[in-house]
>>> print(open('query_37.csv').read())   # CSV, C-alpha atoms and all ligand atoms
chain,number,residue,atom,x,y,z
V,1,MET,CA,-113.9,-70.0,72.0
V,2,THR,CA,-113.3,-67.5,74.8
V,3,VAL,CA,-114.8,-67.9,78.3
V,4,GLU,CA,-116.8,-64.8,77.5
V,5,GLN,CA,-118.5,-66.3,74.5
V,6,ALA,CA,-119.0,-69.7,76.1
V,7,ASN,CA,-120.9,-68.2,79.1
V,8,PRO,CA,-122.4,-64.9,78.3
V,9,ALA,CA,-124.9,-65.4,81.2
V,10,HIS,CA,-122.3,-64.5,83.7
V,11,ALA,CA,-122.5,-60.9,82.6
V,12,ASN,CA,-125.3,-59.0,84.3
V,13,PRO,CA,-126.6,-56.8,81.5
V,14,ALA,CA,-127.8,-53.3,81.9
V,15,HIS,CA,-131.2,-53.1,83.5
V,16,ALA,CA,-133.6,-50.2,83.9
V,17,LEU,CA,-133.2,-50.5,87.7
V,18,PRO,CA,-130.0,-51.8,89.2
V,19,ARG,CA,-130.6,-54.5,91.7
V,20,SER,CA,-128.1,-53.7,94.4
V,21,ARG,CA,-126.1,-50.7,95.4
V,22,ILE,CA,-123.1,-49.8,97.6
V,23,LEU,CA,-124.4,-48.3,100.8
V,24,GLY,CA,-121.0,-47.9,102.5
V,25,THR,CA,-117.3,-48.5,102.2
V,26,GLY,CA,-114.5,-49.2,104.8
V,27,SER,CA,-110.9,-50.2,104.9
V,28,TYR,CA,-108.1,-51.0,107.3
V,29,ALA,CA,-104.3,-51.4,106.9
V,30,PRO,CA,-101.9,-52.5,109.6
V,31,LEU,CA,-100.0,-49.6,111.2
V,32,ARG,CA,-96.6,-50.9,110.4
V,33,VAL,CA,-95.2,-49.5,107.2
V,34,MET,CA,-92.3,-51.2,105.4
V,35,PRO,CA,-90.6,-48.9,102.8
V,36,ASN,CA,-88.6,-50.3,99.9
V,37,ALA,CA,-85.4,-49.3,101.7
V,38,GLU,CA,-86.2,-51.9,104.4
V,39,ILE,CA,-86.5,-54.6,101.8
V,40,GLU,CA,-83.1,-53.7,100.4
V,41,ARG,CA,-81.8,-55.1,103.7
V,42,ILE,CA,-83.7,-58.4,103.3
V,43,VAL,CA,-83.1,-59.4,99.6
V,44,GLU,CA,-80.8,-58.2,96.8
V,45,THR,CA,-82.9,-55.4,95.4
V,46,THR,CA,-83.1,-51.6,95.3
V,47,ASP,CA,-85.7,-49.0,96.0
V,48,GLU,CA,-85.1,-47.8,92.4
V,49,TRP,CA,-85.8,-51.2,90.9
V,50,ILE,CA,-89.0,-51.7,92.8
V,51,GLU,CA,-90.4,-48.3,92.2
V,52,SER,CA,-89.4,-48.1,88.5
V,53,ARG,CA,-90.7,-51.7,87.7
V,54,THR,CA,-93.9,-51.6,89.8
V,55,GLY,CA,-94.7,-48.1,91.2
V,56,ILE,CA,-94.5,-49.5,94.8
V,57,ARG,CA,-92.7,-47.4,97.5
V,58,ARG,CA,-94.0,-49.0,100.7
V,59,ARG,CA,-96.5,-51.5,102.0
V,60,HIS,CA,-98.2,-52.2,105.3
V,61,ILE,CA,-97.3,-55.3,107.3
V,62,ALA,CA,-99.4,-56.9,109.9
V,63,ALA,CA,-98.1,-57.0,113.5
V,64,GLU,CA,-97.2,-60.3,115.2
V,65,GLY,CA,-100.5,-61.8,116.4
V,66,GLU,CA,-102.6,-59.7,114.0
V,67,THR,CA,-104.7,-62.0,111.8
V,68,THR,CA,-106.4,-61.8,108.4
V,69,SER,CA,-109.8,-61.9,110.2
V,70,ASP,CA,-108.8,-59.0,112.5
V,71,LEU,CA,-108.1,-56.8,109.4
V,72,ALA,CA,-111.3,-58.0,107.7
V,73,ALA,CA,-113.5,-57.4,110.7
V,74,GLU,CA,-112.1,-53.8,111.2
V,75,ALA,CA,-112.7,-53.0,107.5
V,76,GLY,CA,-116.2,-54.5,107.8
V,77,ARG,CA,-117.0,-52.4,110.9
V,78,ARG,CA,-116.0,-49.2,109.1
V,79,ALA,CA,-118.1,-50.1,106.0
V,80,LEU,CA,-121.2,-50.8,108.2
V,81,GLN,CA,-120.7,-47.5,110.0
V,82,ALA,CA,-120.5,-45.7,106.6
V,83,ALA,CA,-123.6,-47.5,105.5
V,84,GLY,CA,-125.5,-46.4,108.6
V,85,LEU,CA,-126.3,-50.0,109.4
V,86,ASN,CA,-125.8,-52.3,112.4
V,87,VAL,CA,-124.3,-55.8,112.2
V,88,ALA,CA,-127.8,-57.1,113.0
V,89,ASP,CA,-129.0,-55.7,109.7
V,90,LEU,CA,-126.7,-58.1,107.7
V,91,ASP,CA,-128.0,-61.2,105.9
V,92,LEU,CA,-124.7,-62.5,104.5
V,93,ILE,CA,-120.9,-62.1,104.8
V,94,ILE,CA,-118.6,-62.9,101.8
V,95,VAL,CA,-114.9,-62.6,102.2
V,96,GLY,CA,-112.5,-62.8,99.3
V,97,THR,CA,-109.2,-64.1,100.5
V,98,VAL,CA,-106.5,-66.6,99.8
V,99,THR,CA,-104.7,-66.0,103.1
V,100,PRO,CA,-107.3,-67.0,105.7
V,101,ASP,CA,-106.3,-67.4,109.4
V,102,SER,CA,-106.4,-71.2,108.9
V,103,PRO,CA,-107.7,-73.7,106.3
V,104,ILE,CA,-110.8,-74.3,108.4
V,105,PRO,CA,-113.0,-72.5,109.4
V,106,SER,CA,-113.2,-69.9,106.6
V,107,CYS,CA,-112.1,-66.3,107.4
V,108,ALA,CA,-115.7,-65.2,106.9
V,109,VAL,CA,-116.7,-67.4,109.8
V,110,LEU,CA,-114.2,-65.7,112.1
V,111,VAL,CA,-115.3,-62.3,110.8
V,112,GLN,CA,-118.9,-63.2,111.7
V,113,LYS,CA,-117.8,-64.1,115.2
V,114,LYS,CA,-115.7,-60.9,115.6
V,115,LEU,CA,-118.5,-58.6,114.4
V,116,GLY,CA,-120.9,-60.4,116.7
V,117,ALA,CA,-123.3,-61.2,113.8
V,118,SER,CA,-126.1,-63.7,114.3
V,119,GLU,CA,-126.5,-67.0,112.4
V,120,ILE,CA,-126.2,-65.5,109.0
V,121,PRO,CA,-124.3,-67.4,106.3
V,122,ALA,CA,-120.6,-66.5,105.9
V,123,PHE,CA,-118.2,-67.9,103.4
V,124,ASP,CA,-114.9,-67.2,101.6
V,125,ILE,CA,-114.2,-66.8,97.9
V,126,ALA,CA,-110.7,-68.0,96.8
V,127,ALA,CA,-110.3,-66.0,93.6
V,128,ALA,CA,-107.1,-64.4,94.7
V,129,CYS,CA,-106.7,-60.8,93.4
V,130,ALA,CA,-110.1,-61.0,91.7
V,131,GLY,CA,-111.7,-62.1,95.0
V,132,PHE,CA,-113.5,-58.7,95.6
V,133,VAL,CA,-115.0,-58.5,92.1
V,134,TYR,CA,-116.1,-62.1,92.5
V,135,GLY,CA,-117.6,-61.4,95.9
V,136,LEU,CA,-119.4,-58.3,94.6
V,137,THR,CA,-120.9,-60.3,91.7
V,138,ILE,CA,-122.2,-63.0,94.1
V,139,ALA,CA,-123.6,-60.5,96.5
V,140,ASP,CA,-125.4,-58.7,93.7
V,141,GLN,CA,-127.0,-62.0,92.7
V,142,PHE,CA,-128.1,-62.8,96.2
V,143,ILE,CA,-129.8,-59.4,96.4
V,144,ALA,CA,-131.3,-59.7,92.9
V,145,THR,CA,-133.0,-63.0,93.9
V,146,GLY,CA,-134.2,-61.6,97.2
V,147,ALA,CA,-132.2,-64.2,99.1
V,148,ALA,CA,-130.4,-61.4,101.0
V,149,ARG,CA,-131.1,-57.7,101.6
V,150,SER,CA,-127.8,-56.5,103.1
V,151,VAL,CA,-124.5,-58.1,102.3
V,152,LEU,CA,-121.0,-57.4,103.7
V,153,VAL,CA,-118.4,-58.0,101.0
V,154,ILE,CA,-114.7,-57.9,102.2
V,155,GLY,CA,-111.5,-58.3,100.3
V,156,VAL,CA,-108.6,-59.1,102.7
V,157,GLU,CA,-105.1,-60.5,102.5
V,158,LEU,CA,-102.2,-61.0,104.8
V,159,LEU,CA,-99.6,-61.7,102.1
V,160,SER,CA,-96.6,-60.9,104.2
V,161,ARG,CA,-97.0,-64.4,105.7
V,162,ALA,CA,-97.6,-66.1,102.3
V,163,VAL,CA,-94.5,-64.8,100.5
V,164,ASN,CA,-91.1,-66.2,100.4
V,165,TRP,CA,-88.9,-63.5,102.0
V,166,THR,CA,-85.8,-64.9,100.2
V,167,ASP,CA,-87.4,-64.5,96.7
V,168,ARG,CA,-86.8,-61.0,95.5
V,169,THR,CA,-89.1,-61.6,92.5
V,170,THR,CA,-92.2,-61.8,94.7
V,171,CYS,CA,-91.6,-60.5,98.2
V,172,VAL,CA,-91.1,-56.9,97.1
V,173,LEU,CA,-94.6,-56.8,95.5
V,174,PHE,CA,-97.1,-57.6,98.2
V,175,GLY,CA,-98.7,-56.0,101.3
V,176,ASP,CA,-101.4,-56.6,103.9
V,177,GLY,CA,-104.8,-54.9,104.2
V,178,ALA,CA,-108.5,-55.2,104.0
V,179,GLY,CA,-111.4,-53.3,102.3
V,180,ALA,CA,-115.1,-53.8,102.5
V,181,VAL,CA,-118.4,-52.6,101.1
V,182,VAL,CA,-122.0,-53.1,102.3
V,183,LEU,CA,-124.4,-53.8,99.5
V,184,GLY,CA,-128.2,-53.4,99.8
V,185,PRO,CA,-131.1,-53.2,97.4
V,186,SER,CA,-130.8,-50.2,95.0
V,187,SER,CA,-134.2,-49.0,96.2
V,188,MET,CA,-132.7,-48.5,99.7
V,189,SER,CA,-131.7,-45.0,100.5
V,190,LYS,CA,-129.5,-43.7,103.3
V,191,SER,CA,-131.0,-41.4,105.9
V,192,ASP,CA,-128.9,-38.4,104.8
V,193,GLU,CA,-129.3,-38.9,101.0
V,194,PRO,CA,-131.2,-36.6,98.7
V,195,PRO,CA,-133.5,-38.2,96.1
V,196,ARG,CA,-131.7,-39.1,92.8
V,197,SER,CA,-132.9,-39.0,89.1
V,198,SER,CA,-130.8,-42.1,88.4
V,199,PRO,CA,-130.8,-44.6,91.2
V,200,PRO,CA,-127.4,-45.8,92.5
V,201,GLY,CA,-126.4,-49.4,91.9
V,202,ILE,CA,-124.3,-52.1,90.4
V,203,LEU,CA,-124.9,-51.7,86.6
V,204,SER,CA,-122.9,-54.7,85.4
V,205,THR,CA,-120.4,-57.4,86.5
V,206,CYS,CA,-118.5,-60.0,84.6
V,207,ILE,CA,-116.1,-62.7,85.9
V,208,PHE,CA,-113.8,-65.1,84.1
V,209,THR,CA,-111.3,-67.9,84.8
V,210,ASP,CA,-108.6,-69.6,82.6
V,211,GLY,CA,-107.4,-72.7,84.5
V,212,SER,CA,-104.9,-73.5,81.8
V,213,LEU,CA,-102.8,-70.7,83.4
V,214,ALA,CA,-103.1,-72.1,86.9
V,215,GLY,CA,-99.3,-72.6,87.2
V,216,ALA,CA,-98.5,-68.9,86.4
V,217,LEU,CA,-99.2,-67.8,90.0
V,218,ASN,CA,-99.7,-70.2,92.8
V,219,ILE,CA,-98.7,-71.6,96.1
V,220,PRO,CA,-97.6,-75.1,94.9
V,221,ALA,CA,-97.8,-77.1,98.1
V,222,GLY,CA,-99.4,-77.1,101.5
V,223,GLY,CA,-102.8,-78.4,100.3
V,224,SER,CA,-104.0,-82.0,99.6
V,225,ALA,CA,-101.8,-82.5,96.5
V,226,HIS,CA,-98.7,-81.9,98.5
V,227,PRO,CA,-99.4,-81.7,102.2
V,228,PRO,CA,-96.9,-79.7,104.2
V,229,ASP,CA,-93.9,-81.7,105.2
V,230,GLU,CA,-90.3,-80.9,105.9
V,231,GLU,CA,-89.4,-80.9,102.2
V,232,VAL,CA,-92.2,-78.5,101.4
V,233,LEU,CA,-91.2,-76.1,104.2
V,234,ARG,CA,-87.5,-76.4,103.3
V,235,THR,CA,-88.0,-75.5,99.7
V,236,ARG,CA,-90.7,-73.0,100.5
V,237,GLN,CA,-93.2,-74.6,98.2
V,238,ASN,CA,-95.9,-73.4,100.6
V,239,LYS,CA,-95.2,-69.8,99.6
V,240,VAL,CA,-96.2,-67.7,96.6
V,241,HIS,CA,-94.6,-68.5,93.2
V,242,MET,CA,-95.1,-66.4,90.1
V,243,ASN,CA,-94.1,-66.2,86.5
V,244,GLY,CA,-94.3,-62.4,86.5
V,245,GLN,CA,-94.1,-61.9,82.8
V,246,ASP,CA,-96.9,-64.4,82.0
V,247,VAL,CA,-99.1,-62.8,84.5
V,248,PHE,CA,-98.2,-59.3,83.3
V,249,ARG,CA,-99.2,-60.1,79.7
V,250,THR,CA,-102.4,-61.8,80.7
V,251,ALA,CA,-103.3,-58.9,83.0
V,252,VAL,CA,-102.9,-56.2,80.3
V,253,LYS,CA,-105.0,-58.2,77.9
V,254,GLN,CA,-107.8,-59.5,80.2
V,255,LEU,CA,-108.2,-56.3,82.3
V,256,THR,CA,-108.8,-54.4,79.1
V,257,ALA,CA,-111.2,-57.0,77.7
V,258,SER,CA,-113.2,-57.5,80.9
V,259,SER,CA,-113.4,-53.7,81.5
V,260,THR,CA,-114.7,-53.3,77.9
V,261,HIS,CA,-117.2,-56.1,78.5
V,262,ALA,CA,-118.5,-54.7,81.7
V,263,LEU,CA,-118.8,-51.2,80.3
V,264,LYS,CA,-120.8,-52.5,77.3
V,265,ALA,CA,-123.1,-54.5,79.6
V,266,SER,CA,-123.7,-51.4,81.8
V,267,GLY,CA,-125.0,-49.5,78.8
V,268,LEU,CA,-122.5,-46.7,79.4
V,269,THR,CA,-119.8,-45.3,77.2
V,270,SER,CA,-116.2,-44.7,78.5
V,271,ARG,CA,-117.0,-41.0,78.3
V,272,GLU,CA,-119.7,-41.5,80.9
V,273,LEU,CA,-117.2,-43.1,83.3
V,274,ASP,CA,-115.9,-40.9,86.1
V,275,TRP,CA,-113.3,-43.2,87.7
V,276,VAL,CA,-111.6,-46.5,87.2
V,277,VAL,CA,-110.4,-48.4,90.3
V,278,PRO,CA,-108.0,-51.0,89.0
V,279,HIS,CA,-106.4,-53.8,90.9
V,280,GLN,CA,-103.2,-52.3,92.2
V,281,ALA,CA,-100.6,-54.8,91.0
V,282,ASN,CA,-98.2,-52.9,88.9
V,283,MET,CA,-98.2,-49.3,87.6
V,284,ARG,CA,-97.0,-50.4,84.2
V,285,ILE,CA,-100.0,-52.8,83.9
V,286,ILE,CA,-102.3,-50.0,84.9
V,287,SER,CA,-100.7,-47.5,82.4
V,288,GLN,CA,-101.1,-50.0,79.5
V,289,VAL,CA,-104.7,-50.7,80.4
V,290,SER,CA,-105.4,-47.0,80.7
V,291,HIS,CA,-103.9,-46.5,77.2
V,292,ARG,CA,-105.8,-49.4,75.7
V,293,LEU,CA,-109.2,-48.3,77.2
V,294,GLY,CA,-108.5,-44.8,76.1
V,295,PHE,CA,-109.2,-43.7,79.7
V,296,PRO,CA,-106.8,-41.2,81.3
V,297,LEU,CA,-104.5,-42.2,84.1
V,298,THR,CA,-105.6,-39.1,86.0
V,299,LYS,CA,-109.0,-40.7,86.4
V,300,MET,CA,-107.6,-43.9,87.8
V,301,VAL,CA,-107.7,-44.3,91.5
V,302,LEU,CA,-104.1,-45.3,92.5
V,303,ASN,CA,-102.6,-46.2,95.9
V,304,LEU,CA,-100.1,-48.8,94.8
V,305,GLU,CA,-97.3,-46.6,96.0
V,306,GLU,CA,-98.6,-46.8,99.6
V,307,TYR,CA,-99.8,-50.4,99.9
V,308,GLY,CA,-98.2,-52.5,97.2
V,309,ASN,CA,-100.3,-55.3,95.9
V,310,THR,CA,-102.8,-56.3,98.5
V,311,SER,CA,-104.6,-58.8,96.2
V,312,SER,CA,-108.3,-59.0,96.9
V,313,ALA,CA,-108.1,-56.0,99.2
V,314,SER,CA,-106.6,-53.6,96.7
V,315,ILE,CA,-109.8,-52.4,95.0
V,316,PRO,CA,-112.0,-52.0,98.1
V,317,ILE,CA,-109.1,-50.1,99.9
V,318,ALA,CA,-108.7,-47.8,96.9
V,319,LEU,CA,-112.5,-47.3,96.5
V,320,ASP,CA,-112.9,-46.5,100.2
V,321,GLU,CA,-110.0,-43.9,100.1
V,322,ALA,CA,-111.5,-42.2,97.1
V,323,VAL,CA,-115.0,-42.1,98.6
V,324,ARG,CA,-113.7,-40.8,101.9
V,325,ASP,CA,-111.5,-38.1,100.4
V,326,GLY,CA,-114.3,-36.9,98.1
V,327,ARG,CA,-112.8,-37.9,94.8
V,328,ILE,CA,-115.7,-40.3,94.2
V,329,GLN,CA,-119.0,-38.5,94.5
V,330,PRO,CA,-122.6,-39.8,94.7
V,331,GLY,CA,-124.0,-40.3,91.2
V,332,GLN,CA,-120.6,-40.9,89.6
V,333,HIS,CA,-119.9,-44.0,87.5
V,334,VAL,CA,-117.0,-46.2,88.6
V,335,LEU,CA,-115.4,-49.2,86.8
V,336,MET,CA,-113.5,-51.7,88.9
V,337,CYS,CA,-111.3,-54.4,87.3
V,338,ALA,CA,-109.0,-57.1,88.8
V,339,LEU,CA,-106.9,-60.1,87.8
V,340,GLY,CA,-104.9,-62.6,89.7
V,341,ALA,CA,-104.1,-66.3,90.4
V,342,GLY,CA,-106.3,-68.7,88.6
V,343,ILE,CA,-105.9,-67.0,86.4
V,344,SER,CA,-109.2,-65.4,87.4
V,345,TRP,CA,-110.4,-61.9,86.5
V,346,GLY,CA,-113.4,-59.7,86.2
V,347,ALA,CA,-114.9,-56.2,86.2
V,348,ALA,CA,-117.9,-54.3,87.5
V,349,VAL,CA,-119.5,-50.9,86.7
V,350,VAL,CA,-121.2,-49.1,89.6
V,351,ARG,CA,-123.2,-45.9,89.9
V,352,MET,CA,-122.3,-44.6,93.4
F,1,LIG,O1,-101.8,-59.4,91.6
F,1,LIG,C1,-101.6,-60.6,90.9
F,1,LIG,C2,-101.1,-60.4,89.6
F,1,LIG,N1,-99.7,-60.1,89.6
F,1,LIG,C3,-99.2,-59.3,88.7
F,1,LIG,O2,-100.0,-58.6,88.0
F,1,LIG,C4,-97.7,-59.2,88.6
F,1,LIG,C5,-97.4,-59.1,87.1
F,1,LIG,N2,-96.0,-59.1,86.8
F,1,LIG,C6,-95.2,-58.0,87.2
F,1,LIG,O3,-95.7,-57.0,87.7
F,1,LIG,C7,-93.8,-58.0,86.7
F,1,LIG,O4,-93.6,-59.0,85.8
F,1,LIG,C8,-92.8,-58.0,87.9
F,1,LIG,C9,-92.8,-56.7,88.7
F,1,LIG,C10,-93.1,-59.1,88.8
F,1,LIG,C11,-91.4,-58.2,87.4
F,1,LIG,O5,-91.0,-57.1,86.4
F,1,LIG,P1,-90.4,-57.5,85.0
F,1,LIG,O6,-90.2,-56.2,84.3
F,1,LIG,O7,-91.3,-58.5,84.4
F,1,LIG,O8,-89.0,-58.1,85.4
F,1,LIG,P2,-88.4,-59.5,85.0
F,1,LIG,O9,-89.1,-60.6,85.7
F,1,LIG,O10,-88.3,-59.5,83.5
F,1,LIG,O11,-86.9,-59.4,85.6
F,1,LIG,C12,-86.0,-58.5,85.0
F,1,LIG,C13,-84.7,-58.6,85.8
F,1,LIG,C14,-84.2,-60.0,86.0
F,1,LIG,O12,-82.8,-60.0,86.0
F,1,LIG,P3,-82.0,-60.4,84.6
F,1,LIG,O13,-82.5,-61.8,84.4
F,1,LIG,O14,-82.5,-59.5,83.6
F,1,LIG,O15,-80.6,-60.3,85.0
F,1,LIG,C15,-84.7,-60.3,87.4
F,1,LIG,O16,-83.8,-61.3,88.0
F,1,LIG,O17,-84.9,-58.0,87.1
F,1,LIG,C16,-84.5,-59.0,88.1
F,1,LIG,N3,-85.3,-58.8,89.3
F,1,LIG,C17,-85.0,-58.0,90.3
F,1,LIG,N4,-83.9,-57.1,90.4
F,1,LIG,C18,-83.9,-56.4,91.5
F,1,LIG,C19,-86.4,-59.5,89.6
F,1,LIG,N5,-86.9,-59.0,90.8
F,1,LIG,C20,-86.0,-58.1,91.2
F,1,LIG,C21,-85.9,-57.3,92.4
F,1,LIG,N6,-84.9,-56.4,92.5
F,1,LIG,N7,-86.9,-57.3,93.3
>>> encode(input="query_37.csv", output="structure tokens", more="lines below")
Ligand code: UT7
Amino acid sequence: MTVEQANPAHANPAHALPRSRILGTGSYAPLRVMPNAEIERIVETTDEWIESRTGIRRRHIAAEGETTSDLAAEAGRRALQAAGLNVADLDLIIVGTVTPDSPIPSCAVLVQKKLGASEIPAFDIAAACAGFVYGLTIADQFIATGAARSVLVIGVELLSRAVNWTDRTTCVLFGDGAGAVVLGPSSMSKSDEPPRSSPPGILSTCIFTDGSLAGALNIPAGGSAHPPDEEVLRTRQNKVHMNGQDVFRTAVKQLTASSTHALKASGLTSRELDWVVPHQANMRIISQVSHRLGFPLTKMVLNLEEYGNTSSASIPIALDEAVRDGRIQPGQHVLMCALGAGISWGAAVVRM
């Protein structure tokens, strides 16, 4: 039995009125850009290999002293500004990250402090590349139950400090960055917004995990099972390890399946979709998902070339860019889908 069949309740089916909506988006990437040519000087690789196998040409790398919560707070500020809200309007902060500043406190706690928010709850979601879709799902539920009105959801990673810079199979893939959205009730309209025939909102979400694949992508040591010691540090077991092909195969299959699931739950057909914002892991994965969904690549929001794989940050960065440059317009339907370590994955359909 698939996870989907076992727990259909985690899909939020189409409802006459969506419960929550995206009020604003924001993103931030560190200023320093590392092109593939620079990685050629670090490990035995080539610009040609990286670009042809992944689609990545460069990535952004945090400056010394710059932290995960710094990136997250800046993306959060920009999302709040776009939403036309103040930090005092927030009821909850959710941060998807697997690279927090430190194990305790959570990154969300530091974001709360940096934004100057009051005593609102703030917590992290450790769902790796699916962290943003997980965060969005949770925030939607908080708003649906009336437990929160305005929620800041951030996806952020500082992977340049989590990869093994001597392992060419992983270090070429990742980058640093943060993206954010502010969610509010679907009935809430922004001051400059004309009335709509169909209200904006999150139409469906679905999230899944298959723990039997936990070993396919992980940081094997540095936690309670293998606390960091000299051996762990020497063998770099505290850095990202991945069986790329296992993750690749699972990604193509489950991104397609969860996208189909979320689309069905939204009550829309693929023809009614305007954009897909996929997790930016590998251009070959995205091409195969596009083919299987029967949805053209030209309607996929892509920025992998510029940022590499920023894990939980990749969808909200791409979403923010497409909103700001006018590709994504109010009233359009957007599907987001992500998969990463866990293996955890999910999808969401949103009317902007
Ligand atoms: O966001 C989380 C989810 N993560 C993903 O979705 C990643 C999924 N996996 C992938 O994107 C791909 O599997 C990779 C990009 C990681 C690897 O691409 P691949 O086509 O699966 O390559 P491969 O692992 O089959 O390796 C092919 C060859 C190997 O050499 P041999 O054994 O054929 O001689 C590797 O050693 O490429 C070699 N190789 C490299 N060569 C140059 C691996 N990494 C590199 C490199 N530069 N950076």
>>> residues_near_ligand(input="query_37.csv", ligand="ligand LIG 1 (chain F)", cutoff="8 Å", atoms="only C-alpha atoms and all ligand atoms", output="short mmCIF file (atom, residue, chain, number, x, y, z; two decimals) with C-alpha atoms, keeping the file's coordinate frame")
data_model
loop_
_atom_site.label_atom_id
_atom_site.label_comp_id
_atom_site.auth_asym_id
_atom_site.auth_seq_id
_atom_site.Cartn_x
_atom_site.Cartn_y
_atom_site.Cartn_z
CA VAL V 43 -83.10 -59.40 99.60
CA GLU V 44 -80.80 -58.20 96.80
CA THR V 45 -82.90 -55.40 95.40
CA THR V 46 -83.10 -51.60 95.30
CA TRP V 49 -85.80 -51.20 90.90
CA ILE V 50 -89.00 -51.70 92.80
CA ARG V 53 -90.70 -51.70 87.70
CA THR V 54 -93.90 -51.60 89.80
CA ALA V 128 -107.10 -64.40 94.70
CA CYS V 129 -106.70 -60.80 93.40
CA ASP V 167 -87.40 -64.50 96.70
CA ARG V 168 -86.80 -61.00 95.50
CA THR V 169 -89.10 -61.60 92.50
CA THR V 170 -92.20 -61.80 94.70
CA CYS V 171 -91.60 -60.50 98.20
CA VAL V 172 -91.10 -56.90 97.10
CA LEU V 173 -94.60 -56.80 95.50
CA LEU V 217 -99.20 -67.80 90.00
CA MET V 242 -95.10 -66.40 90.10
CA ASN V 243 -94.10 -66.20 86.50
CA GLY V 244 -94.30 -62.40 86.50
CA GLN V 245 -94.10 -61.90 82.80
CA ASP V 246 -96.90 -64.40 82.00
CA VAL V 247 -99.10 -62.80 84.50
CA PHE V 248 -98.20 -59.30 83.30
CA ARG V 249 -99.20 -60.10 79.70
CA ALA V 251 -103.30 -58.90 83.00
CA HIS V 279 -106.40 -53.80 90.90
CA GLN V 280 -103.20 -52.30 92.20
CA ALA V 281 -100.60 -54.80 91.00
CA ASN V 282 -98.20 -52.90 88.90
CA ARG V 284 -97.00 -50.40 84.20
CA ILE V 285 -100.00 -52.80 83.90
CA ASN V 309 -100.30 -55.30 95.90
CA THR V 310 -102.80 -56.30 98.50
CA SER V 311 -104.60 -58.80 96.20
CA LEU V 339 -106.90 -60.10 87.80
CA GLY V 340 -104.90 -62.60 89.70
CA ALA V 341 -104.10 -66.30 90.40
#
>>> atom_distance(input="query_37.csv", atom1="atom CA of Gly177 of chain V", atom2="atom CA of Ser118 of chain V")
25.2 Å
>>> closest_residue(input="query_37.csv", among="V:Thr166, V:Thr260, V:Thr67, V:Thr298", to="Asp101 of chain V", atoms="all atoms listed in the file")
V:Thr67
>>> closest_residue(input="query_37.csv", among="V:Val153, V:Ile143, V:Thr209, V:Ala262", to="Met188 of chain V", atoms="only C-alpha atoms")
V:Ile143
>>> residues_around(input="query_37.csv", residues="Gln237 of chain V", least_positions_apart="6", cutoff="12 Å", atoms="all atoms listed in the file", output="PDB file with C-alpha atoms, in the coordinates of the input")
ATOM      1  CA  ALA V 162     -97.600 -66.100 102.300  1.00  0.00           C
ATOM      2  CA  VAL V 163     -94.500 -64.800 100.500  1.00  0.00           C
ATOM      3  CA  ASN V 164     -91.100 -66.200 100.400  1.00  0.00           C
ATOM      4  CA  ASP V 167     -87.400 -64.500  96.700  1.00  0.00           C
ATOM      5  CA  ASN V 218     -99.700 -70.200  92.800  1.00  0.00           C
ATOM      6  CA  ILE V 219     -98.700 -71.600  96.100  1.00  0.00           C
ATOM      7  CA  PRO V 220     -97.600 -75.100  94.900  1.00  0.00           C
ATOM      8  CA  ALA V 221     -97.800 -77.100  98.100  1.00  0.00           C
ATOM      9  CA  GLY V 222     -99.400 -77.100 101.500  1.00  0.00           C
ATOM     10  CA  GLY V 223    -102.800 -78.400 100.300  1.00  0.00           C
ATOM     11  CA  ALA V 225    -101.800 -82.500  96.500  1.00  0.00           C
ATOM     12  CA  HIS V 226     -98.700 -81.900  98.500  1.00  0.00           C
ATOM     13  CA  PRO V 227     -99.400 -81.700 102.200  1.00  0.00           C
ATOM     14  CA  PRO V 228     -96.900 -79.700 104.200  1.00  0.00           C
ATOM     15  CA  ASP V 229     -93.900 -81.700 105.200  1.00  0.00           C
ATOM     16  CA  GLU V 230     -90.300 -80.900 105.900  1.00  0.00           C
ATOM     17  CA  GLU V 231     -89.400 -80.900 102.200  1.00  0.00           C
TER      18      GLU V 231
END
>>> closest_atom_pairs(input="query_37.csv", of="segment 125-165 of chain V", to="segment 78-82 of chain V", cutoff="10 Å", atoms="all atoms listed in the file", output="tab-separated table")
residue	atom	partner	partner_atom	distance
V:Val151	CA	V:Leu80	CA	9.9
V:Leu152	CA	V:Leu80	CA	8.0
V:Val153	CA	V:Ala79	CA	9.4
V:Ile154	CA	V:Ala79	CA	9.3
